[in-house]
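Here is input31.pdb, consisting of PDB, C-alpha atoms:
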ATOM      1  CA  MET R  15       3.498   0.519  16.923
ATOM      2  CA  TYR R  16      -0.010   1.389  17.966
ATOM      3  CA  ALA R  17      -3.375  -0.303  17.644
ATOM      4  CA  TYR R  18      -5.646   1.804  15.460
ATOM      5  CA  ALA R  19      -9.208   1.279  16.657
ATOM      6  CA  ARG R  20     -10.715   3.608  14.065
ATOM      7  CA  THR R  21     -12.136   2.307  10.836
ATOM      8  CA  ILE R  22     -11.063   3.604   7.450
ATOM      9  CA  ILE R  23     -12.707   3.417   4.065
ATOM     10  CA  GLY R  24     -10.326   2.115   1.435
ATOM     11  CA  TYR R  25     -10.693   1.561  -2.284
ATOM     12  CA  HIS R  26      -9.182  -1.159  -4.438
ATOM     13  CA  GLY R  27      -9.000  -0.995  -8.237
ATOM     14  CA  CYS R  28      -9.424  -4.297 -10.069
ATOM     15  CA  ASP R  29     -11.153  -6.089 -12.939
ATOM     16  CA  ALA R  30     -14.971  -6.271 -12.937
ATOM     17  CA  ALA R  31     -14.908 -10.081 -12.940
ATOM     18  CA  VAL R  32     -12.640 -10.098  -9.882
ATOM     19  CA  ALA R  33     -14.873  -7.549  -8.120
ATOM     20  CA  LYS R  34     -17.938  -9.702  -8.805
ATOM     21  CA  ARG R  35     -16.271 -12.776  -7.265
ATOM     22  CA  LEU R  36     -15.066 -10.765  -4.255
ATOM     23  CA  LEU R  37     -18.436  -9.132  -3.576
ATOM     24  CA  SER R  38     -20.247 -12.477  -3.846
ATOM     25  CA  HIS R  39     -17.731 -14.065  -1.434
ATOM     26  CA  ARG R  40     -16.535 -16.544  -4.058
ATOM     27  CA  ASP R  41     -12.990 -15.202  -3.828
ATOM     28  CA  THR R  42     -10.747 -13.319  -1.414
ATOM     29  CA  LEU R  43      -8.297 -10.505  -1.968
ATOM     30  CA  GLN R  44      -4.735 -11.756  -2.292
ATOM     31  CA  PRO R  45      -1.671  -9.870  -1.071
ATOM     32  CA  SER R  46       0.559  -8.250  -3.641
ATOM     33  CA  MET R  47       4.144  -9.407  -3.337
ATOM     34  CA  ASN R  48       5.834  -7.465  -6.128
ATOM     35  CA  ARG R  49       9.379  -6.425  -5.290
ATOM     36  CA  TRP R  50       8.434  -2.791  -6.059
ATOM     37  CA  ASP R  51       5.364  -2.543  -3.791
ATOM     38  CA  TRP R  52       6.408   0.407  -1.689
ATOM     39  CA  LEU R  53       4.693  -0.641   1.556
ATOM     40  CA  GLY R  54       5.863  -4.241   1.280
ATOM     41  CA  LYS R  55       3.696  -7.329   1.104
ATOM     42  CA  GLY R  56      -0.023  -6.696   1.513
ATOM     43  CA  ILE R  57      -3.454  -6.097   0.047
ATOM     44  CA  TYR R  58      -3.346  -2.517  -1.203
ATOM     45  CA  PHE R  59      -6.043   0.115  -0.756
ATOM     46  CA  TRP R  60      -6.247   3.842  -1.378
ATOM     47  CA  GLU R  61      -7.517   5.529   1.768
ATOM     48  CA  HIS R  62     -10.610   7.597   0.890
ATOM     49  CA  GLY R  63      -9.444   7.615  -2.764
ATOM     50  CA  PRO R  64     -11.906   5.952  -5.149
ATOM     51  CA  ASP R  65     -10.767   8.034  -8.134
ATOM     52  CA  ARG R  66      -7.129   7.094  -7.556
ATOM     53  CA  ALA R  67      -8.108   3.413  -7.290
ATOM     54  CA  LEU R  68      -9.957   3.677 -10.612
ATOM     55  CA  ARG R  69      -6.950   5.351 -12.238
ATOM     56  CA  PHE R  70      -4.832   2.436 -11.068
ATOM     57  CA  ALA R  71      -7.287  -0.083 -12.546
ATOM     58  CA  ARG R  72      -7.282   1.850 -15.838
ATOM     59  CA  ASP R  73      -3.468   1.829 -15.875
ATOM     60  CA  GLN R  74      -3.640  -1.934 -15.367
ATOM     61  CA  GLN R  75      -6.061  -2.130 -18.315
ATOM     62  CA  VAL R  76      -3.499  -0.387 -20.538
ATOM     63  CA  ARG R  77      -0.927  -2.987 -19.392
ATOM     64  CA  GLY R  78      -3.332  -5.806 -20.315
ATOM     65  CA  LYS R  79      -3.801  -6.956 -16.713
ATOM     66  CA  VAL R  80      -7.408  -5.752 -16.352
ATOM     67  CA  LYS R  81     -10.189  -6.100 -18.915
ATOM     68  CA  THR R  82     -12.893  -3.914 -17.343
ATOM     69  CA  PRO R  83     -11.603  -1.539 -14.633
ATOM     70  CA  VAL R  84     -13.789  -1.048 -11.558
ATOM     71  CA  VAL R  85     -13.417  -0.054  -7.925
ATOM     72  CA  ILE R  86     -14.566  -1.848  -4.810
ATOM     73  CA  GLY R  87     -14.733  -0.251  -1.407
ATOM     74  CA  ALA R  88     -13.635  -1.761   1.867
ATOM     75  CA  VAL R  89     -14.189  -1.020   5.515
ATOM     76  CA  LEU R  90     -10.798  -1.501   7.153
ATOM     77  CA  GLN R  91      -9.494  -1.460  10.676
ATOM     78  CA  LEU R  92      -5.757  -0.879  10.743
ATOM     79  CA  GLY R  93      -5.108  -2.895  13.896
ATOM     80  CA  ARG R  94      -1.416  -2.875  14.798
ATOM     81  CA  CYS R  95      -0.202  -0.462  12.135
ATOM     82  CA  LEU R  96       3.229   0.557  10.959
ATOM     83  CA  ASP R  97       1.964   4.056  10.168
ATOM     84  CA  LEU R  98       4.597   5.957   8.201
ATOM     85  CA  LEU R  99       2.714   9.190   8.872
ATOM     86  CA  ASP R 100       3.728   8.881  12.533
ATOM     87  CA  THR R 101       7.264  10.144  13.159
ATOM     88  CA  ARG R 102       7.910   7.508  15.825
ATOM     89  CA  ASN R 103       7.635   4.842  13.153
ATOM     90  CA  THR R 104       9.798   6.615  10.594
ATOM     91  CA  GLU R 105      12.425   7.176  13.299
ATOM     92  CA  GLU R 106      12.351   3.416  13.965
ATOM     93  CA  LEU R 107      12.945   2.757  10.267
ATOM     94  CA  GLU R 108      15.780   5.275  10.279
ATOM     95  CA  ARG R 109      17.462   3.367  13.129
ATOM     96  CA  PHE R 110      16.722  -0.014  11.522
ATOM     97  CA  TYR R 111      18.145   0.793   8.081
ATOM     98  CA  PRO R 112      21.896   0.845   8.894
ATOM     99  CA  VAL R 113      21.623  -2.514  10.671
ATOM    100  CA  TRP R 114      19.695  -3.994   7.732
ATOM    101  CA  GLU R 115      22.147  -2.486   5.232
ATOM    102  CA  ALA R 116      25.136  -3.958   7.090
ATOM    103  CA  ASP R 117      23.434  -7.377   7.218
ATOM    104  CA  MET R 118      22.720  -7.234   3.482
ATOM    105  CA  GLU R 119      26.301  -6.287   2.642
ATOM    106  CA  ALA R 120      27.755  -8.896   5.011
ATOM    107  CA  SER R 121      25.670 -11.606   3.347
ATOM    108  CA  GLY R 122      26.697 -10.443  -0.144
ATOM    109  CA  HIS R 123      23.246  -9.219  -1.171
ATOM    110  CA  LYS R 124      22.882  -6.166  -3.381
ATOM    111  CA  ILE R 125      20.980  -3.231  -1.843
ATOM    112  CA  PRO R 126      17.959  -2.585  -4.106
ATOM    113  CA  SER R 127      17.043   0.922  -5.211
ATOM    114  CA  ASN R 128      13.934   2.951  -5.839
ATOM    115  CA  HIS R 129      13.701   3.954  -9.483
ATOM    116  CA  TYR R 130      11.549   4.782 -12.511
ATOM    117  CA  GLY R 131      10.884   8.448 -13.101
ATOM    118  CA  PRO R 132      11.014  11.471 -10.827
ATOM    119  CA  ASP R 133       8.480   9.882  -8.444
ATOM    120  CA  ARG R 134      10.563   6.674  -8.209
ATOM    121  CA  LEU R 135       7.446   4.594  -8.768
ATOM    122  CA  LEU R 136       9.243   1.265  -8.454
ATOM    123  CA  ARG R 137      10.101   1.199  -4.758
ATOM    124  CA  GLU R 138      12.301  -1.898  -4.458
ATOM    125  CA  LEU R 139      14.390  -0.411  -1.628
ATOM    126  CA  ASP R 140      11.336   0.683   0.370
ATOM    127  CA  ASN R 141       9.765  -2.744  -0.157
ATOM    128  CA  ALA R 142      12.839  -4.611   1.032
ATOM    129  CA  VAL R 143      13.295  -2.433   4.123
ATOM    130  CA  ILE R 144       9.603  -2.538   5.138
ATOM    131  CA  ASN R 145       9.409  -6.321   4.676
ATOM    132  CA  ALA R 146      12.652  -6.835   6.620
ATOM    133  CA  TYR R 147      11.494  -4.510   9.418
ATOM    134  CA  VAL R 148       8.153  -6.301   9.734
ATOM    135  CA  TYR R 149       9.885  -9.702   9.697
ATOM    136  CA  ASP R 150      12.379  -8.562  12.338
ATOM    137  CA  ALA R 151       9.558  -7.183  14.512
ATOM    138  CA  ARG R 152       7.747 -10.531  14.236
ATOM    139  CA  ARG R 153      10.846 -12.317  15.540
ATOM    140  CA  LEU R 154      10.657 -10.000  18.561
ATOM    141  CA  GLY R 155       6.981 -10.822  19.128
ATOM    142  CA  LEU R 156       5.470  -7.746  17.416
ATOM    143  CA  GLU R 157       2.995  -8.481  14.627
ATOM    144  CA  PHE R 158       1.927  -5.755  12.200
ATOM    145  CA  ASP R 159      -1.561  -5.956  10.709
ATOM    146  CA  SER R 160      -1.090  -3.091   8.261
ATOM    147  CA  VAL R 161       1.327  -0.536   6.862
ATOM    148  CA  ARG R 162       0.142   2.983   5.974
ATOM    149  CA  GLY R 163       1.953   5.743   4.135
ATOM    150  CA  ALA R 164       1.577   8.859   1.993
ATOM    151  CA  PHE R 165       2.894   8.867  -1.543
ATOM    152  CA  TRP R 166       3.508  12.079  -3.470
ATOM    153  CA  GLU R 167       3.213  11.394  -7.161
ATOM    154  CA  GLY R 168       2.153  12.740 -10.529
ATOM    155  CA  GLY R 169       4.000  16.010 -10.997
ATOM    156  CA  GLU R 170       3.123  19.509  -9.892
ATOM    157  CA  ALA R 171      -0.561  20.410  -9.747
ATOM    158  CA  PHE R 172       0.471  23.863 -11.012
ATOM    159  CA  PRO R 173       3.846  25.535 -11.724
ATOM    160  CA  GLY R 174       6.021  25.821  -8.610
ATOM    161  CA  SER R 175       3.573  23.832  -6.470
ATOM    162  CA  GLY R 176       4.522  21.331  -3.810
ATOM    163  CA  ILE R 177       1.126  19.704  -4.383
ATOM    164  CA  GLN R 178       1.344  16.647  -6.591
ATOM    165  CA  LYS R 179      -1.514  15.654  -8.918
ATOM    166  CA  GLU R 180      -1.778  12.012  -7.842
ATOM    167  CA  SER R 181      -0.795  12.114  -4.164
ATOM    168  CA  HIS R 182      -2.547   9.611  -1.957
ATOM    169  CA  ILE R 183      -2.484   7.632   1.242
ATOM    170  CA  GLN R 184      -2.098   3.935   0.706
ATOM    171  CA  ILE R 185      -2.618   1.066   3.063
ATOM    172  CA  ALA R 186      -1.144  -2.411   2.742
ATOM    173  CA  ILE R 187      -3.229  -4.837   4.773
ATOM    174  CA  ARG R 188      -1.010  -7.679   5.980
ATOM    175  CA  ASN R 189      -3.680  -9.336   8.128
ATOM    176  CA  PRO R 190      -6.841 -10.055   6.070
ATOM    177  CA  ALA R 191      -8.923 -10.024   9.295
ATOM    178  CA  CYS R 192      -8.546  -6.217   9.155
ATOM    179  CA  ILE R 193     -10.871  -6.174   6.136
ATOM    180  CA  ILE R 194     -14.230  -5.857   7.847
ATOM    181  CA  GLY R 195     -16.257  -5.880   4.654
ATOM    182  CA  LEU R 196     -16.342  -5.048   0.960
ATOM    183  CA  PHE R 197     -18.919  -2.949  -0.906
ATOM    184  CA  THR R 198     -19.751  -1.441  -4.264
ATOM    185  CA  PRO R 199     -19.241   2.334  -4.112
ATOM    186  CA  SER R 200     -22.158   4.505  -5.203
ATOM    187  CA  PRO R 201     -21.494   6.033  -8.621
ATOM    188  CA  GLY R 202     -20.834   9.736  -8.231
ATOM    189  CA  GLY R 203     -21.261   9.445  -4.459
ATOM    190  CA  PRO R 204     -19.133  11.165  -1.855
ATOM    191  CA  SER R 205     -15.517  10.064  -1.688
TER     192      SER R 205
END
Could you render the structure from this file as structure tokens?
Amino acid sequence: MYAYARTIIGYHGCDAAVAKRLLSHRDTLQPSMNRWDWLGKGIYFWEHGPDRALRFARDQQVRGKVKTPVVIGAVLQLGRCLDLLDTRNTEELERFYPVWEADMEASGHKIPSNHYGPDRLLRELDNAVINAYVYDARRLGLEFDSVRGAFWEGGEAFPGSGIQKESHIQIAIRNPACIIGLFTPSPGGPS
């Protein structure tokens, strides 16, 4: 685990009414705690991905969860980050998993799975392992402020490609103090 001093621009897709309350400081972002959230509990952002955040908000509109999809930007500092793009962290998870799995089986709990389509969009296993790892680290005196990972999704960009159409880097902010500020992105501005 390393402290990330750099700042990152993240984007969050939501309803226009929610964005208005957030930008006027009448509301705060709440952590998502769905059992399929692949980076575990946290406030989710797409790193440097406003278009992907808008696509998410539009998907939520189709599901009836968002009336008017919009994107807000955020200046984030990752703090103490479980960065899944750093091999030291993924090696830690690799060592942690068998211990967690044995504990789950010994206590009679079913091991969840990742499922739904070729991209396994519902990441119940990843969620459970990340949340358990973060909880276990906290018991040892290590507190994670954020979790960061890359997600390959959306099918091939062209036949035979390893490039996926909707790949992105996502960040789950566990410590709201890492959100330095929110802003309205410029329409058609740089991303």
Selection result for the PyMOL selection byres ((chain R and resi 111) around 12) on this file, as a ChimeraX atom specification: /R:104-110,112-118,125,139-140,142-147,150
Expanded to explicit residues, what is the PyMOL selection byres ((chain R and resi 44) around 9) for this file, as a ChimeraX atom specification? /R:42-43,45-46,56-57,190
Polymer residues at most 7 Å from Tyr58 (chain R), all atoms listed in the file, same-chain spacing of 3 or more positions, as a PyMOL selection string: chain R and resi 26+184-187
Leaving out Asn128 (chain R) and any residue of its chain fewer than 6 positions from it, which residues lie within 10 Å of it when counting all atoms listed in the file, given as JSON, numbers by chain? {"R": [50, 52, 134, 135, 136, 137, 138, 139, 140, 141]}
Limited to C-alpha atoms, could you put the picked residues into a file as an mmCIF file, in the frame of the given file?
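Dumped to result_13.cif:
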data_model
loop_
_atom_site.group_PDB
_atom_site.id
_atom_site.type_symbol
_atom_site.label_atom_id
_atom_site.label_comp_id
_atom_site.auth_asym_id
_atom_site.auth_seq_id
_atom_site.Cartn_x
_atom_site.Cartn_y
_atom_site.Cartn_z
ATOM 1 C CA TRP R 50 8.434 -2.791 -6.059
ATOM 2 C CA TRP R 52 6.408 0.407 -1.689
ATOM 3 C CA ARG R 134 10.563 6.674 -8.209
ATOM 4 C CA LEU R 135 7.446 4.594 -8.768
ATOM 5 C CA LEU R 136 9.243 1.265 -8.454
ATOM 6 C CA ARG R 137 10.101 1.199 -4.758
ATOM 7 C CA GLU R 138 12.301 -1.898 -4.458
ATOM 8 C CA LEU R 139 14.390 -0.411 -1.628
ATOM 9 C CA ASP R 140 11.336 0.683 0.370
ATOM 10 C CA ASN R 141 9.765 -2.744 -0.157
#
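Closest approach to Gly24 (chain R) among R:Asn189, R:Gln91, R:Ser127, R:Asn103: R:Gln91, based on all atoms listed in the file.
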Expanded to explicit residues, what is the PyMOL selection byres ((chain R and resi 164) around 6) for this file, as a PyMOL selection string? chain R and resi 163+165+182-183
To one decimal in Å, tell me the separation between CA of Ser181 (chain R) and CA of His129 (chain R).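 Interatomic distance here is 17.5 Å.
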Taking all atoms of region 156-159 of chain R that the file lists, what box with edges along x, y and z, padded by 5 Å per side, do you get, with centre and edge lengths in Å to one decimal, as lines of an AutoDock Vina configuration file?
center_x = 2.0
center_y = -7.1
center_z = 14.1
size_x = 17.0
size_y = 12.7
size_z = 16.7
For Phe158 (chain R), please output as a list in words all residues within 9 Å (counting only C-alpha atoms; exclusion window: fewer than 3 positions along the same chain). Met15, Gly93, Arg94, Cys95, Leu96, Val148, Ala151, Arg152, Val161, Arg188 and Asn189 of chain R
